[in-house]
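File shown here: run_5.txt, holding compact mmCIF, C-alpha atoms.
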```txt
# COMPACT_ATOMS: atom_id res chain seq x y z
CA MET A 52 29.83 -49.89 17.42
CA ARG A 53 27.43 -47.27 16.02
CA THR A 54 25.02 -50.12 15.21
CA ARG A 55 25.21 -51.25 18.82
CA ILE A 56 24.34 -47.80 20.18
CA ARG A 57 21.45 -47.45 17.70
CA LEU A 58 20.00 -50.62 19.24
CA LEU A 59 19.91 -48.97 22.68
CA ALA A 60 17.11 -46.56 21.71
CA PRO A 61 14.47 -49.27 21.11
CA MET A 62 15.66 -51.04 24.28
CA LEU A 63 15.04 -47.84 26.19
CA MET A 64 11.57 -47.48 24.64
CA ILE A 65 10.73 -51.00 25.90
CA ALA A 66 11.82 -49.95 29.38
CA LEU A 67 9.73 -46.78 29.08
CA ALA A 68 6.67 -48.86 28.18
CA ALA A 69 6.98 -50.56 31.58
CA ILE A 70 6.43 -47.24 33.39
CA PRO A 71 2.71 -46.52 33.81
CA LEU A 72 2.00 -43.23 32.05
CA GLN A 73 -1.19 -41.50 33.14
CA SER A 74 -3.58 -40.09 30.55
CA LEU A 75 -6.90 -38.38 30.18
CA ASP A 76 -9.11 -39.46 27.26
CA LEU A 77 -12.03 -37.42 25.94
CA ILE A 78 -14.41 -38.07 23.06
CA ASP A 79 -16.67 -35.49 21.45
CA GLY A 80 -18.40 -36.00 18.10
CA ARG A 81 -15.98 -38.06 16.03
CA VAL A 82 -12.83 -36.81 17.76
CA LYS A 83 -10.80 -38.55 20.42
CA LEU A 84 -8.33 -36.41 22.37
CA THR A 85 -5.77 -37.94 24.74
CA LEU A 86 -3.60 -35.86 27.06
CA HIS A 87 -0.52 -37.67 28.40
CA GLU A 88 0.45 -36.52 31.87
CA GLY A 89 4.11 -36.47 32.83
CA ILE A 90 5.28 -35.85 29.25
CA GLY A 91 3.00 -32.90 28.42
CA ARG A 92 1.82 -34.24 25.07
CA PHE A 93 -1.49 -34.89 23.35
CA SER A 94 -2.78 -37.35 20.76
CA LEU A 95 -5.62 -36.70 18.32
CA SER A 96 -7.68 -39.33 16.44
CA TYR A 97 -10.75 -39.32 14.20
CA LEU A 98 -13.52 -41.94 14.11
CA THR A 99 -13.22 -43.39 10.59
CA ASN A 100 -15.30 -46.55 11.09
CA VAL A 101 -18.40 -45.97 13.20
CA LYS A 102 -19.56 -49.58 13.04
CA GLU A 103 -16.28 -50.98 14.34
CA GLY A 104 -15.46 -47.98 16.53
CA LYS A 105 -12.12 -47.55 14.73
CA TYR A 106 -10.16 -44.34 15.21
CA THR A 107 -7.39 -43.22 12.86
CA PRO A 108 -4.58 -41.15 14.45
CA LEU A 109 -4.13 -37.73 12.85
CA LEU A 110 -0.61 -37.41 14.29
CA VAL A 111 2.06 -40.09 14.73
CA ALA A 112 0.72 -42.23 17.57
CA GLN A 113 3.53 -44.68 18.40
CA ASP A 114 5.29 -42.13 20.59
CA PRO A 115 3.35 -38.92 21.40
CA ARG A 116 6.58 -37.18 22.42
CA THR A 117 7.52 -36.70 18.76
CA SER A 118 5.08 -33.77 18.62
CA ALA A 119 5.98 -31.02 21.06
CA LEU A 120 5.38 -27.48 22.28
CA SER A 121 8.50 -25.38 22.91
CA VAL A 122 8.65 -21.96 24.58
CA VAL A 123 11.64 -19.66 24.20
CA VAL A 124 12.46 -17.18 26.98
CA GLY A 125 15.30 -14.87 26.02
CA ASN A 126 17.92 -17.23 24.60
CA LYS A 127 16.72 -20.35 26.42
CA VAL A 128 14.28 -22.87 24.94
CA TYR A 129 12.07 -25.08 27.09
CA ARG A 130 10.35 -28.15 25.62
CA MET A 131 7.20 -28.51 27.67
CA GLY A 132 6.85 -31.81 29.48
CA GLU A 133 10.61 -32.31 29.56
CA SER A 134 12.04 -29.30 31.39
CA SER A 135 12.79 -29.84 35.09
CA GLU A 136 12.32 -26.10 35.66
CA PHE A 137 8.55 -26.44 35.18
CA THR A 138 6.04 -28.30 37.32
CA GLU A 139 3.16 -29.83 35.40
CA SER A 140 -0.49 -30.59 36.13
CA LEU A 141 -3.39 -31.90 34.08
CA GLU A 142 -7.08 -31.36 34.70
CA LYS A 143 -10.51 -31.56 33.11
CA THR A 144 -12.35 -28.33 32.36
CA GLU A 145 -15.97 -27.56 31.51
CA THR A 146 -15.07 -27.50 27.83
CA GLY A 147 -12.32 -30.11 27.64
CA ALA A 148 -9.01 -30.30 29.47
CA ARG A 149 -5.77 -28.44 29.98
CA PHE A 150 -2.13 -28.74 30.89
CA ALA A 151 -0.66 -26.20 33.29
CA TRP A 152 3.06 -25.55 33.80
CA LYS A 153 4.75 -23.21 36.25
CA SER A 154 8.33 -22.03 36.73
CA SER A 155 9.89 -19.11 38.60
CA LEU A 156 9.38 -16.97 35.47
CA LEU A 157 6.18 -18.14 33.77
CA THR A 158 2.84 -19.82 34.11
CA ILE A 159 1.70 -21.60 30.94
CA THR A 160 -1.66 -23.20 30.25
CA GLU A 161 -2.50 -25.24 27.17
CA SER A 162 -6.30 -25.56 27.05
CA PHE A 163 -8.17 -27.90 24.69
CA SER A 164 -11.79 -27.64 23.56
CA PHE A 165 -13.69 -29.27 20.70
CA VAL A 166 -14.70 -27.60 17.43
CA ALA A 167 -16.69 -28.57 14.36
CA SER A 168 -16.50 -27.59 10.71
CA PRO A 169 -19.03 -24.94 9.59
CA GLY A 170 -22.51 -26.42 9.16
CA SER A 171 -21.70 -29.57 11.16
CA THR A 172 -23.01 -30.47 14.61
CA LEU A 173 -20.32 -33.09 15.26
CA SER A 174 -16.88 -32.13 16.49
CA SER A 175 -14.10 -32.88 14.04
CA GLY A 176 -11.17 -31.06 15.65
CA VAL A 177 -9.81 -29.23 18.67
CA ARG A 178 -9.03 -25.67 19.56
CA ILE A 179 -5.83 -25.11 21.55
CA ASP A 180 -5.44 -21.92 23.60
CA LEU A 181 -1.89 -21.37 24.84
CA VAL A 182 -1.70 -18.69 27.54
CA ILE A 183 1.74 -17.57 28.76
CA LYS A 184 1.98 -15.20 31.73
CA ASN A 185 5.12 -13.41 32.89
CA ILE A 186 5.22 -13.79 36.69
CA SER A 187 8.80 -12.59 37.03
CA GLN A 188 9.90 -9.14 38.16
CA GLN A 189 11.20 -8.11 34.74
CA ASP A 190 10.12 -7.86 31.12
CA LEU A 191 10.83 -11.02 29.12
CA SER A 192 11.18 -11.88 25.43
CA ILE A 193 8.88 -14.86 24.83
CA GLY A 194 7.89 -16.92 21.80
CA ALA A 195 6.58 -20.40 21.05
CA ARG A 196 6.66 -23.09 18.41
CA TYR A 197 4.56 -26.22 17.85
CA LEU A 198 6.19 -29.25 16.24
CA PHE A 199 3.65 -31.64 14.71
CA ASP A 200 4.86 -35.09 13.67
CA THR A 201 2.72 -35.91 10.61
CA TYR A 202 2.52 -39.17 8.66
CA LEU A 203 -0.69 -39.46 6.61
CA GLY A 204 0.87 -38.14 3.40
CA GLU A 205 4.12 -40.09 3.61
CA GLU A 206 2.99 -43.27 1.86
CA SER A 207 1.88 -41.39 -1.26
CA PHE A 208 4.79 -38.90 -1.07
CA ILE A 209 2.30 -36.01 -1.19
CA HIS A 210 3.32 -34.90 2.27
CA PHE A 211 1.47 -31.59 2.46
CA ARG A 212 -0.84 -29.29 0.59
CA THR A 213 -2.46 -25.96 1.37
CA ASP A 214 -5.36 -23.95 -0.02
CA SER A 215 -2.87 -22.33 -2.41
CA LEU A 216 -0.19 -25.04 -2.83
CA PRO A 217 -1.24 -28.32 -4.51
CA GLU A 218 1.58 -30.29 -2.90
CA ALA A 219 4.82 -29.87 -0.97
CA ASN A 220 7.36 -32.65 -1.40
CA HIS A 221 10.47 -30.74 -0.35
CA GLU A 222 11.33 -28.49 2.54
CA THR A 223 9.21 -25.36 2.39
CA THR A 224 8.73 -22.26 4.51
CA LEU A 225 5.54 -20.21 4.23
CA ALA A 226 5.39 -16.73 5.75
CA GLY A 227 4.00 -13.23 5.22
CA ASN A 228 1.87 -12.93 2.09
CA ALA A 229 2.53 -16.60 1.33
CA MET A 230 0.82 -17.71 4.56
CA PRO A 231 -2.06 -20.05 3.60
CA ALA A 232 -5.45 -20.33 5.25
CA TYR A 233 -4.53 -23.87 6.28
CA TRP A 234 -2.19 -26.77 5.63
CA VAL A 235 -3.14 -30.44 5.33
CA SER A 236 -1.26 -33.71 5.81
CA PRO A 237 -3.52 -35.71 3.44
CA LEU A 238 -4.25 -39.38 3.12
CA THR A 239 -4.35 -39.34 -0.66
CA GLY A 240 -6.93 -41.57 -2.32
CA ASP A 241 -9.23 -41.73 0.70
CA ALA A 242 -12.84 -41.17 -0.39
CA GLY A 243 -13.60 -39.18 2.75
CA GLU A 244 -10.57 -36.95 2.22
CA LEU A 245 -9.06 -37.93 5.52
CA GLY A 246 -6.21 -35.68 6.58
CA LEU A 247 -4.85 -33.59 9.41
CA GLN A 248 -5.77 -29.94 8.86
CA SER A 249 -4.28 -27.02 10.77
CA MET A 250 -5.82 -23.59 10.33
CA THR A 251 -3.21 -20.84 10.01
CA SER A 252 -5.54 -17.87 9.54
CA GLY A 253 -9.18 -16.94 10.00
CA PRO A 254 -11.43 -15.69 12.81
CA GLY A 255 -10.05 -16.55 16.23
CA ILE A 256 -6.80 -17.99 14.85
CA THR A 257 -3.39 -16.63 15.84
CA VAL A 258 -1.50 -16.36 12.55
CA PRO A 259 1.97 -17.90 12.89
CA ALA A 260 5.04 -15.95 11.84
CA ARG A 261 5.94 -18.87 9.57
CA VAL A 262 5.11 -22.49 8.87
CA VAL A 263 7.97 -24.87 8.06
CA PHE A 264 7.63 -28.26 6.33
CA ALA A 265 10.75 -30.40 6.79
CA ASN A 266 12.15 -33.74 7.91
CA TRP A 267 11.00 -34.56 11.44
CA LYS A 268 14.46 -35.25 12.88
CA ARG A 269 15.91 -32.03 11.46
CA LEU A 270 13.07 -30.02 13.02
CA SER A 271 13.20 -31.91 16.30
CA ASP A 272 16.97 -31.53 16.62
CA ALA A 273 16.70 -27.77 16.02
CA SER A 274 15.78 -26.49 19.46
CA TRP A 275 14.31 -23.32 17.94
CA SER A 276 14.86 -21.72 14.53
CA TYR A 277 15.18 -23.86 11.43
CA GLU A 278 16.13 -22.66 7.94
CA SER A 279 14.52 -24.78 5.24
CA SER A 280 16.10 -25.56 1.87
CA SER A 281 14.13 -26.44 -1.26
CA ALA A 282 17.05 -28.70 -2.23
CA ARG A 283 16.22 -31.06 0.65
CA ASN A 284 13.39 -33.59 0.71
CA PHE A 285 11.89 -35.16 3.84
CA SER A 286 14.69 -37.67 4.44
CA LEU A 287 17.76 -37.45 6.64
CA LEU A 288 19.81 -40.50 5.74
CA PRO A 289 20.42 -43.03 7.07
CA TYR A 290 18.21 -42.81 10.16
CA SER A 291 15.16 -40.83 9.07
CA VAL A 292 13.65 -41.72 5.68
CA ASN A 293 10.58 -40.02 4.16
CA ASP A 294 9.67 -38.67 7.61
CA SER A 295 7.89 -35.33 7.44
CA ALA A 296 6.78 -32.85 10.10
CA VAL A 297 5.57 -29.27 10.49
CA CYS A 298 6.65 -26.44 12.76
CA GLN A 299 4.41 -23.44 13.41
CA TYR A 300 6.44 -20.53 14.76
CA TYR A 301 5.18 -17.66 16.91
CA ASP A 302 8.14 -15.31 17.09
CA PRO A 303 9.32 -13.81 20.38
CA HIS A 304 8.17 -10.42 21.54
CA THR A 305 8.54 -8.51 24.80
CA LEU A 306 6.06 -9.47 27.49
CA ALA A 307 5.94 -7.04 30.39
CA ARG A 308 6.02 -8.38 33.94
CA GLY A 309 2.55 -9.40 35.03
CA ALA A 310 1.31 -9.45 31.41
CA GLU A 311 0.21 -12.46 29.38
CA MET A 312 -0.10 -13.51 25.77
CA THR A 313 -2.50 -15.91 24.05
CA ILE A 314 -1.86 -18.14 21.01
CA THR A 315 -4.84 -19.95 19.51
CA LEU A 316 -4.62 -22.89 17.11
CA VAL A 317 -7.24 -25.13 15.55
CA LEU A 318 -6.53 -28.54 14.05
CA GLY A 319 -8.48 -31.66 13.21
CA LYS A 320 -9.89 -33.76 10.38
CA TYR A 321 -9.73 -32.01 6.99
CA SER A 322 -12.83 -30.12 5.86
CA ARG A 323 -13.22 -28.17 2.61
CA SER A 324 -14.89 -25.40 4.62
CA GLY A 325 -12.14 -25.43 7.23
CA LEU A 326 -12.38 -25.35 11.01
CA ALA A 327 -13.29 -22.20 12.95
CA ALA A 328 -12.05 -21.21 16.39
CA SER A 329 -14.84 -18.70 17.05
CA ALA A 330 -16.73 -15.87 15.43
CA GLU A 331 -14.34 -13.26 16.82
CA PRO A 332 -10.56 -13.02 17.24
CA ALA A 333 -9.35 -14.77 20.37
CA PRO A 334 -9.12 -12.37 23.36
CA ALA A 335 -6.15 -12.06 25.67
CA VAL A 336 -7.69 -14.22 28.37
CA THR A 337 -6.71 -14.49 32.02
CA THR A 338 -4.95 -17.62 33.15
CA PRO A 339 -6.44 -20.17 33.37
CA SER A 340 -7.97 -19.55 29.99
CA LYS A 341 -11.68 -19.89 29.32
CA VAL A 342 -12.85 -21.05 25.93
CA GLU A 343 -16.32 -21.25 24.46
CA ALA A 344 -18.34 -24.40 25.15
CA PRO A 345 -18.73 -26.92 22.32
CA ALA A 346 -22.14 -27.85 20.96
CA GLN A 347 -22.05 -31.06 23.01
CA PRO A 348 -20.21 -31.60 26.31
CA PRO A 349 -17.16 -33.83 26.00
CA VAL A 350 -17.47 -37.45 27.08
CA VAL A 351 -14.73 -38.48 29.46
CA GLU A 352 -13.70 -42.09 28.88
CA LYS A 353 -11.03 -42.36 31.52
CA VAL A 354 -9.37 -40.11 34.05
CA ALA A 355 -6.31 -41.57 35.68
CA PRO A 356 -5.00 -40.22 38.98
CA ASN A 357 -2.25 -37.63 38.98
CA ILE A 358 1.12 -39.08 38.17
CA SER A 359 3.35 -39.47 41.22
CA ILE A 360 6.53 -37.50 41.80
CA GLU A 361 8.45 -40.80 41.73
CA ILE A 362 7.14 -41.77 38.28
CA ARG A 363 7.77 -38.23 37.00
CA GLY A 364 11.40 -38.66 38.04
CA GLU A 365 11.62 -41.93 36.10
CA LEU A 366 10.24 -40.19 32.99
CA GLU A 367 12.82 -37.43 33.31
CA SER A 368 15.55 -40.09 33.48
CA VAL A 369 14.22 -41.77 30.33
CA ASN A 370 14.07 -38.45 28.44
CA LYS A 371 17.64 -37.68 29.47
CA MET A 372 18.92 -41.06 28.28
CA LEU A 373 17.08 -40.77 24.96
CA SER A 374 18.60 -37.34 24.41
CA ASP A 375 22.07 -38.73 25.15
CA ILE A 376 21.58 -41.61 22.69
CA GLU A 377 20.33 -39.28 19.92
CA ALA A 378 23.30 -36.97 20.48
CA LYS A 379 25.77 -39.85 20.24
CA ILE A 380 24.12 -41.24 17.09
CA GLY A 381 24.46 -37.86 15.40
CA ALA A 382 28.04 -37.28 16.59
CA ALA A 383 30.96 -38.05 14.31
CA ALA A 384 33.21 -39.00 17.22
CA ALA A 385 33.61 -42.66 18.19
CA VAL A 386 31.69 -44.01 21.15
CA THR A 387 33.83 -45.85 23.69
CA ASP A 388 33.06 -49.26 25.15
CA SER A 389 32.78 -47.71 28.61
CA GLU A 390 30.12 -45.24 27.38
CA LEU A 391 28.15 -48.08 25.79
CA SER A 392 28.40 -50.16 28.94
CA ALA A 393 27.20 -47.24 31.06
CA LEU A 394 24.13 -46.74 28.85
CA GLU A 395 23.32 -50.45 28.84
CA SER A 396 23.67 -50.55 32.63
CA ALA A 397 21.36 -47.54 33.03
CA ILE A 398 18.69 -49.20 30.83
CA SER A 399 18.99 -52.43 32.83
CA ASP A 400 18.54 -50.50 36.09
CA LEU A 401 15.48 -48.73 34.65
CA LYS A 402 13.87 -52.06 33.70
CA ASP A 403 14.54 -53.39 37.20
CA ARG A 404 12.91 -50.33 38.78
CA ALA A 405 9.94 -50.65 36.43
CA ALA A 406 9.24 -54.11 37.88
CA LYS A 407 7.99 -52.53 41.11
CA TYR A 408 5.06 -51.02 39.19
CA GLY A 409 3.92 -54.52 38.29
CA THR A 410 4.70 -54.14 34.58
CA GLY A 411 8.43 -54.78 34.39
CA LYS A 412 9.62 -57.64 32.20
```

In structure tokens, what does this structure look like?
Amino acid sequence: MRTRIRLLAPMLMIALAAIPLQSLDLIDGRVKLTLHEGIGRFSLSYLTNVKEGKYTPLLVAQDPRTSALSVVVGNKVYRMGESSEFTESLEKTETGARFAWKSSLLTITESFSFVASPGSTLSSGVRIDLVIKNISQQDLSIGARYLFDTYLGEESFIHFRTDSLPEANHETTLAGNAMPAYWVSPLTGDAGELGLQSMTSGPGITVPARVVFANWKRLSDASWSYESSSARNFSLLPYSVNDSAVCQYYDPHTLARGAEMTITLVLGKYSRSGLAASAEPAPAVTTPSKVEAPAQPPVVEKVAPNISIEIRGELESVNKMLSDIEAKIGAAAAVTDSELSALESAISDLKDRAAKYGTGK
């Protein structure tokens, strides 16, 4: 019976593929950035073969939802792109693009612009400015975390390294004086030293309270705090084998009503000299945030129209069903035939509704 319910997740992903997700694609230098509207996620790729125009994803690309931004307000955690309490919009900006979310308590913008490694004129990464504003009538405790689903180091089992740590092959937490300048998910053996690099200190960078390397499912299932153990590797048997990820935590602090906070990250293709956000620490900008212009204006490949309210509702239904399936897989209790039949019926209904978009099968 547990095998049967495990089969429902891929069936649901097939149904999801029939719903037309809207996206915005930008290319600058050798970087391709894709923002997925309706799920509040982004994908990042690097041009590794200029002649063939081949891009290599720097994050897991099969399902962009596996990397996520979460914001904690008091004791409640919101995963952006999934919470019904926030409305979402996506737009181009002069320097890139941004997501904007709004609830009765907060406005949140996640702005993207392109950056290059020192001495280079071609963009090799992106700067992300997260601006959270308290629009409520009271002070709020607010924090954030970014979950990045990495994969480049999994084949060689050298999942991560930093400027001070040659390799990390077990769960690890870095904080305080142990905070590195950067971490890398490396593709070992690649002559061009391909890897995803995230800067965790330096000019313009908001230093995280801690960086956690762990199994992706363990981190994803933990809505907020996660305590690592050096006794655990990056597997969670039997469903998640050799599957690593990173969480960057920005601990909660009190944000007065009407005030705002800014968190700045930089990530992209690995460079020995690193990636810089700017020459000066990032200011507390006014929403919507304004970031410095890149050396070259971004090239917009495709801008799809705003996703409809109807499609957004379908996406929320899919996310809810996936969450239910994951919860049942992890539960020790038996799943009844009636529960299985209800899930299978819901997936069948979703596929039927997808047919009206012209892509149902």

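Residue nearest Val101 in chain A, chosen from A:His87, A:Arg81, A:Asp190, A:Tyr290 and counting all atoms listed in the file: A:Arg81.
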
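Here CA of Trp275 in chain A is placed at a distance of 8.8 Å from CA of Ala195 in chain A.
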
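Here the residues that fall within 10 Å of (0.5, -13.1, 12.3), using only C-alpha atoms, are given as Ala226, Gly227, Met230, Thr251, Ser252, Ile256, Thr257, Val258, Pro259, Ala260, Arg261, Tyr300, Tyr301 and Asp302 of chain A.
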
Check: When distances are computed from only C-alpha atoms, which of A:Ile193, A:Arg269, A:Thr160, A:Val297 shows the smallest separation from Thr224 in chain A?
Finding: A:Val297

For range 121-218 of chain A against range 102-113 of chain A, with a cut-off of 9 Å and counting all atoms listed in the file, what is the closest atom pair and its distance in Å to one decimal for every residue that makes the cut, ordered by chain and number, as CSV?
```
residue,atom,partner,partner_atom,distance
A:Phe199,CA,A:Leu110,CA,7.2
A:Asp200,CA,A:Val111,CA,5.8
A:Thr201,CA,A:Leu110,CA,5.2
A:Tyr202,CA,A:Val111,CA,6.2
A:Leu203,CA,A:Leu109,CA,7.3
```

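Closest approach to Leu326 in chain A among A:Asn293, A:Thr117, A:Ser174, A:Thr158: A:Ser174, based on only C-alpha atoms.
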
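Counting only C-alpha atoms, the residue from A:Phe93, A:Ser168, A:Gly176, A:Asn126 that sits nearest to Ala148 in chain A is A:Phe93.
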
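Checking A:Leu287, A:Ile209, A:Ile179, A:Val123 one by one against Val317 in chain A, counting all atoms listed in the file, you find the shortest gap at A:Ile179.
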
Next item on the list: Quote the spacing between CA of Leu98 in chain A and CA of Leu318 in chain A in Å to one decimal place.
Entry: 15.1 Å

Margin query: Set the distance at 12 Å and use all atoms listed in the file: which residues neighbour Ser291 in chain A once local chain neighbours fewer than 6 positions away are removed? I'd like the list as JSON, numbers by chain.
Written below: {"A": [265, 266, 267, 268, 269, 270, 271, 284, 285, 381]}

Sphere at (5.9, -10.4, 33.8), radius 8 Å, counting all atoms listed in the file: residues as a CSV table (one decimal) with C-alpha atoms, keeping the file's coordinate frame:
```csv
chain,number,residue,atom,x,y,z
A,156,LEU,CA,9.4,-17.0,35.5
A,157,LEU,CA,6.2,-18.1,33.8
A,184,LYS,CA,2.0,-15.2,31.7
A,185,ASN,CA,5.1,-13.4,32.9
A,186,ILE,CA,5.2,-13.8,36.7
A,187,SER,CA,8.8,-12.6,37.0
A,188,GLN,CA,9.9,-9.1,38.2
A,189,GLN,CA,11.2,-8.1,34.7
A,190,ASP,CA,10.1,-7.9,31.1
A,191,LEU,CA,10.8,-11.0,29.1
A,306,LEU,CA,6.1,-9.5,27.5
A,307,ALA,CA,5.9,-7.0,30.4
A,308,ARG,CA,6.0,-8.4,33.9
A,309,GLY,CA,2.6,-9.4,35.0
A,310,ALA,CA,1.3,-9.4,31.4
A,311,GLU,CA,0.2,-12.5,29.4
```

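Nearest residue to Glu142 in chain A among A:Asp180, A:Glu161, A:Asp272, A:Asp241 is A:Glu161, counting all atoms listed in the file.
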
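Here CA of Val166 in chain A is placed at a distance of 12.4 Å from CA of Tyr321 in chain A.
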
Could you write out as JSON the box around range 244-260 of chain A (axis-aligned, all atoms listed in the file, 6 Å on each side), with centre and edge lengths in Å to one decimal?
```
{"center_x": -3.2, "center_y": -26.8, "center_z": 9.2, "size_x": 28.5, "size_y": 34.2, "size_z": 26.0}
```
